[in-house]
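Asker: Dropping a structure here in structure tokens format, bear with me for questions.
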Amino acid sequence: MKKKFIIFITAFLSSVMLFSGCGFGSYIENSKPTKPTVDPNVPVKPNPGDPIDPDDPTPTPQNPNYTVTLYNGTQPYIPGDEEITVVWKNDYSAHRVLLGEDGKADAGELDGDYAIYLEGLPSEFTYNPSAYTATSDDHNVSILLTKIRSHESGGGTGIWDCYKVRYDGTYRVNVTSASAVRYYEYTPEAAGVYSVVSWVNAYENEVNPYINIFNGTIAFKWFDRRLDGGGFSLEGGYTKNFRHQYSVDRTEVGNTFTFAIGAETKSGVYPVKIDFAITYEGPYQSADTDVRVIRATEAKQVAAEKKAGQQFVYANELSASGIKDPDDPLFKNFDASVIRYNDNTGFYHYYSEELYGDNHLKYGKNFGPILCCALTAHLPSYTITTLYNANAAGLGGGSNYLKLYNVWLESEQKYVVMDYTSFVRVDYYDKANREGMCYVTKELKEFLMTFAERQSLYTDSVCPLDGTPEGLGYTAKQDALWLFACGVYLPA
């Protein structure tokens, strides 16, 4: 798939994906459930064994039997004509008891720890089947049922036709095949930390749900990664519930998260229904609380000055065959094959067997001029700012886009802020020549790629604007995104 360059001013306005802040709690489903709150306005009948004297501090003895009570809100759920079975299961046995007309099930005097889940629940309700456990110390369990929410609009068929949801709660998606996913746009109405967690019964061990995460905004999106874990699962089991977390700052309320949900099945039988919960987890401290200040370790050599008779040629004007004719169709089909890393120099180079096969530049066979990054030059493809300034022209320059939000650290399984301000404005600026060009190292390439991705410099299916690379007919493959500010000195 080819990616198109897009103008910085549009990209900067559409770059935010990591959020922070404090917020509301309209829906909270804890991993360890508690008994539902009793309405103080509703009289409570005394249970057998309750002290007759209300001032008697003697605690009410716990029912010695293993019991489950279903609640719909603050009241016990009355099943009516439905046959709902409560299952107590451990590694050795399973006990199944029909829910009574009073919303309770009694398994008698069991011993040890049991996972608890339900069978035959009406379709309009759901619950977290992995959240409830009975133990020898706490064997009277209450299960809270929640109603399935409906999306507000949208078709769910693609990244630009998502189901749109605004509220935290529980949702259900119908997955029709192994390759089918349904797309969602979630727009929180308040700041805070939110999780998206699948509620698939791991004890049945038949379905493995997954979530595809997309970065960007409602206007510019790209696929980031697929998660099929992080939530509840059994050791060695097939079902691994996913869990993904978003953080929303109060200044960024109204931004939209995009994700898609699919599932694999052990039997290969479809469709399957996946329940998932969007849950408010609590207030969010600013993302700035986890800022990683990045300093350069490979910026060791000052870039050579431009020689007489040379010009700086941006990478998107190069081609694998060395063609310089703008009318040649190969001229604008740009990928990173023209750029190679040279272990001997520690820099990236323009690479061409045709032009540099004789090693006349003494960098090694096929290695041409050293690739440079334009730190302070106004980039001709964007015309509004420099990489050194990294701000949006016309907005007062108040935003520092060298602080990259929503950077995923795989080793820590979390998002952080990567602050490259000194990395660019001090470390590599000190190694730039008088034109503001510095040599490109591996760490600088990594920054440029991360910068391009975080700032949405490249998008799909965007109408070309005058003066932008796509307006000039240039396209860039995924491996070439980081070259947006790079080029080499060539004879004029």
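Residue numbering restarts at 1 in every chain; chains get A, B, ... in the order shown in the structure tokens, and ligands count up from 1 in that same order.
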Return as a Markdown table the residues of segment 130-168 of chain A lying at most 7 Å from segment 186-203 of chain A, together with the closest atom-to-atom pair for each and the distance in Å to one decimal, counting only C-alpha atoms, with rows in chain order and ascending residue number.

Answerer:
```
| residue | atom | partner | partner_atom | distance |
| --- | --- | --- | --- | --- |
| A:Ser130 | CA | A:Asn201 | CA | 6.5 |
| A:Lys164 | CA | A:Tyr186 | CA | 6.1 |
| A:Val165 | CA | A:Tyr186 | CA | 5.0 |
| A:Arg166 | CA | A:Thr187 | CA | 5.1 |
| A:Tyr167 | CA | A:Pro188 | CA | 6.7 |
```

Asker: Once you count only C-alpha atoms, what closest atom pair and distance in Å to one decimal does each residue of segment 199-315 of chain A within 12 Å of segment 404-421 of chain A have, with rows by chain and rising residue number, as a tab-separated table?

Answerer:
```
residue	atom	partner	partner_atom	distance
A:Ile213	CA	A:Trp408	CA	11.7
A:Phe214	CA	A:Asn406	CA	11.6
A:Asn215	CA	A:Asn406	CA	8.8
A:Gly216	CA	A:Asn406	CA	10.0
A:Asp224	CA	A:Trp408	CA	9.6
A:Arg225	CA	A:Trp408	CA	10.2
A:Leu227	CA	A:Gln413	CA	11.2
A:Gly229	CA	A:Gln413	CA	11.6
A:Gly230	CA	A:Gln413	CA	9.7
A:Arg243	CA	A:Gln413	CA	11.4
A:His244	CA	A:Lys414	CA	9.9
A:Gln245	CA	A:Lys414	CA	8.9
A:Tyr246	CA	A:Tyr415	CA	9.2
A:Ser247	CA	A:Tyr415	CA	9.4
A:Val248	CA	A:Asn406	CA	11.2
A:Asp249	CA	A:Tyr405	CA	11.9
A:Ser286	CA	A:Val417	CA	10.4
A:Ala287	CA	A:Val417	CA	6.8
A:Asp288	CA	A:Val417	CA	6.7
A:Thr289	CA	A:Val417	CA	8.6
A:Asp290	CA	A:Val416	CA	5.8
A:Val291	CA	A:Val417	CA	4.7
A:Arg292	CA	A:Met418	CA	4.9
A:Val293	CA	A:Asp419	CA	4.7
A:Ile294	CA	A:Tyr420	CA	5.4
A:Arg295	CA	A:Tyr420	CA	7.2
A:Ala296	CA	A:Tyr420	CA	9.0
```

Asker: I need the chosen residues saved as a compact mmCIF listing (two decimals), in the first residue's frame, with N, CA and C atoms.

Answerer:
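So the final result, stored in part21.txt, reads:
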```txt
# COMPACT_ATOMS: atom_id res chain seq x y z
N ILE A 213 -6.01 -1.74 16.78
CA ILE A 213 -5.89 -0.36 17.25
C ILE A 213 -5.46 0.52 16.08
N PHE A 214 -6.14 1.65 15.92
CA PHE A 214 -5.78 2.61 14.88
C PHE A 214 -5.37 3.92 15.55
N ASN A 215 -4.35 4.54 15.01
CA ASN A 215 -3.91 5.84 15.48
C ASN A 215 -4.45 6.93 14.56
N GLY A 216 -4.31 8.18 15.00
CA GLY A 216 -4.76 9.31 14.21
C GLY A 216 -6.00 9.93 14.81
N ASP A 224 -2.26 0.58 13.75
CA ASP A 224 -1.10 0.54 14.64
C ASP A 224 -0.72 -0.89 14.98
N ARG A 225 -1.63 -1.64 15.59
CA ARG A 225 -1.28 -3.00 15.98
C ARG A 225 -2.53 -3.77 16.36
N LEU A 227 -4.14 -6.53 19.13
CA LEU A 227 -3.99 -7.09 20.47
C LEU A 227 -4.98 -8.23 20.65
N GLY A 229 -4.71 -10.07 23.77
CA GLY A 229 -4.39 -10.44 25.13
C GLY A 229 -4.46 -9.23 26.05
N GLY A 230 -4.00 -9.43 27.27
CA GLY A 230 -4.00 -8.36 28.25
C GLY A 230 -5.15 -8.45 29.22
N ARG A 243 -7.36 -6.45 26.30
CA ARG A 243 -7.56 -5.25 27.11
C ARG A 243 -6.69 -4.14 26.53
N HIS A 244 -7.33 -3.01 26.20
CA HIS A 244 -6.60 -1.85 25.70
C HIS A 244 -7.06 -0.63 26.48
N GLN A 245 -6.13 0.30 26.70
CA GLN A 245 -6.43 1.45 27.55
C GLN A 245 -6.16 2.75 26.82
N TYR A 246 -7.07 3.70 26.98
CA TYR A 246 -6.91 5.06 26.46
C TYR A 246 -6.87 6.04 27.62
N SER A 247 -6.17 7.16 27.43
CA SER A 247 -6.13 8.22 28.43
C SER A 247 -6.53 9.53 27.78
N VAL A 248 -7.40 10.27 28.43
CA VAL A 248 -7.98 11.47 27.84
C VAL A 248 -7.73 12.66 28.75
N ASP A 249 -6.99 13.64 28.27
CA ASP A 249 -6.76 14.87 28.99
C ASP A 249 -7.96 15.80 28.82
N SER A 286 -1.75 13.96 33.91
CA SER A 286 -1.26 14.38 32.60
C SER A 286 -0.23 13.42 32.05
N ALA A 287 -0.28 13.24 30.72
CA ALA A 287 0.70 12.37 30.07
C ALA A 287 2.12 12.86 30.30
N ASP A 288 2.26 14.15 30.66
CA ASP A 288 3.59 14.69 30.91
C ASP A 288 4.23 14.07 32.14
N THR A 289 3.45 13.32 32.93
CA THR A 289 4.04 12.69 34.10
C THR A 289 4.97 11.55 33.72
N ASP A 290 4.90 11.07 32.50
CA ASP A 290 5.82 10.02 32.05
C ASP A 290 6.49 10.48 30.76
N VAL A 291 7.36 11.45 30.89
CA VAL A 291 8.07 12.01 29.75
C VAL A 291 9.47 11.40 29.71
N ARG A 292 9.82 10.86 28.57
CA ARG A 292 11.18 10.33 28.38
C ARG A 292 11.97 11.34 27.56
N VAL A 293 12.91 12.00 28.18
CA VAL A 293 13.76 12.96 27.47
C VAL A 293 14.84 12.18 26.72
N ILE A 294 14.83 12.31 25.41
CA ILE A 294 15.75 11.55 24.57
C ILE A 294 16.93 12.43 24.18
N ARG A 295 18.12 11.93 24.41
CA ARG A 295 19.34 12.62 23.98
C ARG A 295 20.11 11.73 23.01
N ALA A 296 20.81 12.37 22.11
CA ALA A 296 21.52 11.64 21.05
C ALA A 296 22.79 10.98 21.59
```

Asker: Quick one: pull the distance between atom CA of Ser142 of chain A and atom CA of Gly120 of chain A, Å, one decimal.

Answerer: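 We find that atom CA of Ser142 of chain A and atom CA of Gly120 of chain A lie 17.3 Å from each other.
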
Asker: Excluding segment 154-159 of chain A and any residue of its chain fewer than 4 positions from it, enumerate the residues within 7 Å of it, using only C-alpha atoms, and give them as a compact mmCIF listing (two decimals) with N, CA and C atoms, in the first residue's frame.

Answerer:
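around24.txt, written as the output of this step:
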```
# COMPACT_ATOMS: atom_id res chain seq x y z
N TYR A 163 -19.07 2.18 13.58
CA TYR A 163 -20.10 2.37 14.58
C TYR A 163 -19.63 3.50 15.50
N LYS A 164 -20.48 4.46 15.75
CA LYS A 164 -20.12 5.60 16.59
C LYS A 164 -20.75 5.45 17.96
N ARG A 182 -15.42 -5.50 12.90
CA ARG A 182 -16.35 -4.38 12.95
C ARG A 182 -15.64 -3.19 13.58
N TYR A 183 -15.84 -2.02 12.96
CA TYR A 183 -15.09 -0.83 13.33
C TYR A 183 -15.92 0.07 14.24
N TYR A 184 -15.23 0.67 15.22
CA TYR A 184 -15.88 1.55 16.18
C TYR A 184 -15.11 2.86 16.30
```

Asker: What lies within 12 Å of segment 139-141 of chain A using only C-alpha atoms, ignoring chain neighbours under 2 positions off, as a compact mmCIF listing (two decimals) with N, CA and C atoms, in the first residue's frame?

Answerer:
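File written: out_4.txt
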```txt
# COMPACT_ATOMS: atom_id res chain seq x y z
N LYS A 32 -12.88 -7.18 40.49
CA LYS A 32 -13.40 -7.98 41.61
C LYS A 32 -14.71 -7.36 42.04
N PRO A 33 -15.83 -7.96 41.67
CA PRO A 33 -17.12 -7.32 41.92
C PRO A 33 -17.44 -7.23 43.39
N THR A 34 -18.23 -6.22 43.73
CA THR A 34 -18.72 -6.08 45.08
C THR A 34 -20.23 -6.20 45.05
N LYS A 35 -20.82 -6.34 46.22
CA LYS A 35 -22.27 -6.46 46.27
C LYS A 35 -22.89 -5.13 45.86
N PRO A 36 -23.97 -5.16 45.09
CA PRO A 36 -24.60 -3.92 44.64
C PRO A 36 -25.04 -3.06 45.82
N PRO A 61 -24.11 -13.94 60.48
CA PRO A 61 -23.29 -15.06 59.98
C PRO A 61 -23.53 -15.28 58.48
N GLN A 62 -22.45 -15.65 57.79
CA GLN A 62 -22.57 -15.90 56.36
C GLN A 62 -23.24 -17.24 56.11
N ASN A 63 -24.04 -17.30 55.05
CA ASN A 63 -24.67 -18.56 54.67
C ASN A 63 -23.57 -19.58 54.42
N PRO A 64 -23.62 -20.74 55.04
CA PRO A 64 -22.53 -21.71 54.86
C PRO A 64 -22.52 -22.33 53.47
N ASN A 65 -23.61 -22.22 52.74
CA ASN A 65 -23.66 -22.76 51.38
C ASN A 65 -23.04 -21.79 50.38
N TYR A 66 -22.61 -22.35 49.27
CA TYR A 66 -22.11 -21.52 48.16
C TYR A 66 -23.31 -21.03 47.37
N THR A 67 -23.50 -19.70 47.36
CA THR A 67 -24.67 -19.12 46.71
C THR A 67 -24.27 -18.03 45.73
N VAL A 68 -25.16 -17.79 44.78
CA VAL A 68 -25.01 -16.69 43.83
C VAL A 68 -26.34 -15.96 43.74
N THR A 69 -26.28 -14.63 43.77
CA THR A 69 -27.45 -13.80 43.55
C THR A 69 -27.20 -12.89 42.37
N LEU A 70 -28.13 -12.88 41.41
CA LEU A 70 -28.02 -11.99 40.25
C LEU A 70 -28.73 -10.69 40.56
N TYR A 71 -28.10 -9.59 40.17
CA TYR A 71 -28.70 -8.27 40.37
C TYR A 71 -28.84 -7.55 39.04
N VAL A 86 -26.44 -21.31 36.86
CA VAL A 86 -25.21 -20.83 37.48
C VAL A 86 -24.23 -21.99 37.59
N TRP A 88 -20.56 -23.34 39.03
CA TRP A 88 -19.36 -23.24 39.87
C TRP A 88 -18.35 -24.25 39.30
N LYS A 104 -31.72 -16.21 42.96
CA LYS A 104 -30.61 -16.84 43.67
C LYS A 104 -30.43 -18.29 43.24
N ALA A 105 -29.21 -18.77 43.41
CA ALA A 105 -28.90 -20.19 43.19
C ALA A 105 -28.03 -20.66 44.34
N ASP A 106 -28.32 -21.86 44.82
CA ASP A 106 -27.63 -22.41 45.99
C ASP A 106 -27.02 -23.75 45.61
N ALA A 107 -25.68 -23.83 45.68
CA ALA A 107 -24.97 -25.05 45.31
C ALA A 107 -24.70 -25.95 46.50
N GLY A 108 -25.15 -25.55 47.67
CA GLY A 108 -24.90 -26.37 48.85
C GLY A 108 -23.53 -26.09 49.45
N GLU A 109 -23.07 -27.01 50.28
CA GLU A 109 -21.80 -26.82 50.99
C GLU A 109 -20.65 -27.38 50.16
N LEU A 110 -20.02 -26.50 49.40
CA LEU A 110 -18.84 -26.88 48.62
C LEU A 110 -17.58 -26.54 49.43
N ASP A 111 -16.45 -26.87 48.86
CA ASP A 111 -15.19 -26.60 49.55
C ASP A 111 -14.16 -26.12 48.54
N GLY A 112 -13.45 -25.05 48.87
CA GLY A 112 -12.39 -24.56 47.99
C GLY A 112 -12.83 -23.39 47.12
N ASP A 113 -12.05 -23.11 46.08
CA ASP A 113 -12.28 -21.97 45.21
C ASP A 113 -12.94 -22.42 43.91
N TYR A 114 -13.89 -21.61 43.45
CA TYR A 114 -14.61 -21.91 42.21
C TYR A 114 -14.77 -20.64 41.38
N ALA A 115 -14.52 -20.76 40.07
CA ALA A 115 -14.92 -19.71 39.15
C ALA A 115 -16.42 -19.83 38.91
N ILE A 116 -17.09 -18.68 38.73
CA ILE A 116 -18.54 -18.70 38.57
C ILE A 116 -18.92 -18.03 37.25
N TYR A 117 -19.77 -18.68 36.48
CA TYR A 117 -20.30 -18.06 35.27
C TYR A 117 -21.72 -18.56 35.03
N ALA A 131 -15.01 -12.43 36.09
CA ALA A 131 -14.77 -11.55 37.22
C ALA A 131 -15.21 -12.12 38.57
N TYR A 132 -15.89 -13.27 38.56
CA TYR A 132 -16.52 -13.74 39.80
C TYR A 132 -15.93 -15.07 40.25
N THR A 133 -15.53 -15.10 41.53
CA THR A 133 -14.93 -16.28 42.11
C THR A 133 -15.48 -16.48 43.52
N ALA A 134 -15.83 -17.69 43.83
CA ALA A 134 -16.24 -18.04 45.20
C ALA A 134 -15.07 -18.73 45.89
N THR A 135 -14.80 -18.34 47.11
CA THR A 135 -13.71 -18.93 47.88
C THR A 135 -14.26 -19.45 49.21
N SER A 136 -13.42 -20.14 49.93
CA SER A 136 -13.83 -20.66 51.25
C SER A 136 -14.16 -19.53 52.20
N ASP A 137 -13.53 -18.37 52.00
CA ASP A 137 -13.77 -17.23 52.89
C ASP A 137 -14.90 -16.34 52.39
N ILE A 143 -23.65 -11.24 41.39
CA ILE A 143 -23.25 -10.94 40.01
C ILE A 143 -24.12 -9.80 39.48
N LEU A 144 -23.48 -8.78 38.97
CA LEU A 144 -24.19 -7.63 38.43
C LEU A 144 -24.37 -7.79 36.93
```

Asker: DSSP on the backbone, then: every residue of segment 408-453 of chain A marked strand (DSSP E), written as a PDB file with N, CA and C atoms, in the first residue's frame.

Answerer:
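The result, stored in selection_26.pdb:
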```pdb
ATOM      1  N   TRP A 408       4.216   4.115  21.756  1.00  0.00           N
ATOM      2  CA  TRP A 408       4.043   2.835  22.445  1.00  0.00           C
ATOM      3  C   TRP A 408       5.394   2.188  22.725  1.00  0.00           C
ATOM      4  N   LEU A 409       5.663   1.867  24.002  1.00  0.00           N
ATOM      5  CA  LEU A 409       6.866   1.142  24.389  1.00  0.00           C
ATOM      6  C   LEU A 409       6.504  -0.333  24.554  1.00  0.00           C
ATOM      7  N   LYS A 414       3.155   0.177  27.423  1.00  0.00           N
ATOM      8  CA  LYS A 414       2.505   1.420  27.826  1.00  0.00           C
ATOM      9  C   LYS A 414       2.846   2.520  26.833  1.00  0.00           C
ATOM     10  N   TYR A 415       2.027   3.578  26.867  1.00  0.00           N
ATOM     11  CA  TYR A 415       2.298   4.772  26.089  1.00  0.00           C
ATOM     12  C   TYR A 415       3.092   5.762  26.935  1.00  0.00           C
ATOM     13  N   VAL A 416       3.999   6.473  26.302  1.00  0.00           N
ATOM     14  CA  VAL A 416       4.765   7.504  26.983  1.00  0.00           C
ATOM     15  C   VAL A 416       4.911   8.704  26.056  1.00  0.00           C
ATOM     16  N   VAL A 417       5.446   9.784  26.607  1.00  0.00           N
ATOM     17  CA  VAL A 417       5.808  10.954  25.816  1.00  0.00           C
ATOM     18  C   VAL A 417       7.313  10.904  25.577  1.00  0.00           C
ATOM     19  N   MET A 418       7.695  10.961  24.317  1.00  0.00           N
ATOM     20  CA  MET A 418       9.121  10.976  23.964  1.00  0.00           C
ATOM     21  C   MET A 418       9.497  12.416  23.604  1.00  0.00           C
ATOM     22  N   ASP A 419      10.297  13.042  24.439  1.00  0.00           N
ATOM     23  CA  ASP A 419      10.671  14.441  24.238  1.00  0.00           C
ATOM     24  C   ASP A 419      12.005  14.512  23.492  1.00  0.00           C
ATOM     25  N   MET A 437      22.076  21.346   7.755  1.00  0.00           N
ATOM     26  CA  MET A 437      21.979  19.934   7.383  1.00  0.00           C
ATOM     27  C   MET A 437      22.862  19.095   8.297  1.00  0.00           C
ATOM     28  N   CYS A 438      22.308  17.993   8.822  1.00  0.00           N
ATOM     29  CA  CYS A 438      23.099  17.070   9.634  1.00  0.00           C
ATOM     30  C   CYS A 438      23.037  15.687   9.021  1.00  0.00           C
ATOM     31  N   TYR A 439      24.041  14.864   9.292  1.00  0.00           N
ATOM     32  CA  TYR A 439      24.064  13.509   8.770  1.00  0.00           C
ATOM     33  C   TYR A 439      23.024  12.649   9.487  1.00  0.00           C
TER      34      TYR A 439
END
```

Asker: Hey, can you check how far atom CA of Thr345 of chain A sits from atom CA of Leu318 of chain A?

Answerer: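 Distance reported for this atom pair: 21.3 Å.
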
Asker: Could you tell me how far atom CA of Glu317 of chain A lies from atom CA of Ala485 of chain A, in Å and to one decimal?

Answerer: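 Those two atoms sit 11.8 Å apart.
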
Asker: Measuring atom to atom with only C-alpha atoms, identify which of A:Ser123, A:Ser177, A:Asn433, A:Asn344 is nearest to Leu375 of chain A.

Answerer: A:Asn433

Asker: Looking at only C-alpha atoms, which of A:Glu185, A:Thr176, A:Glu305, A:Phe125 is the one that sits closest to Lys221 of chain A?

Answerer: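 The answer is A:Glu185, which sits nearest to Lys221 of chain A.
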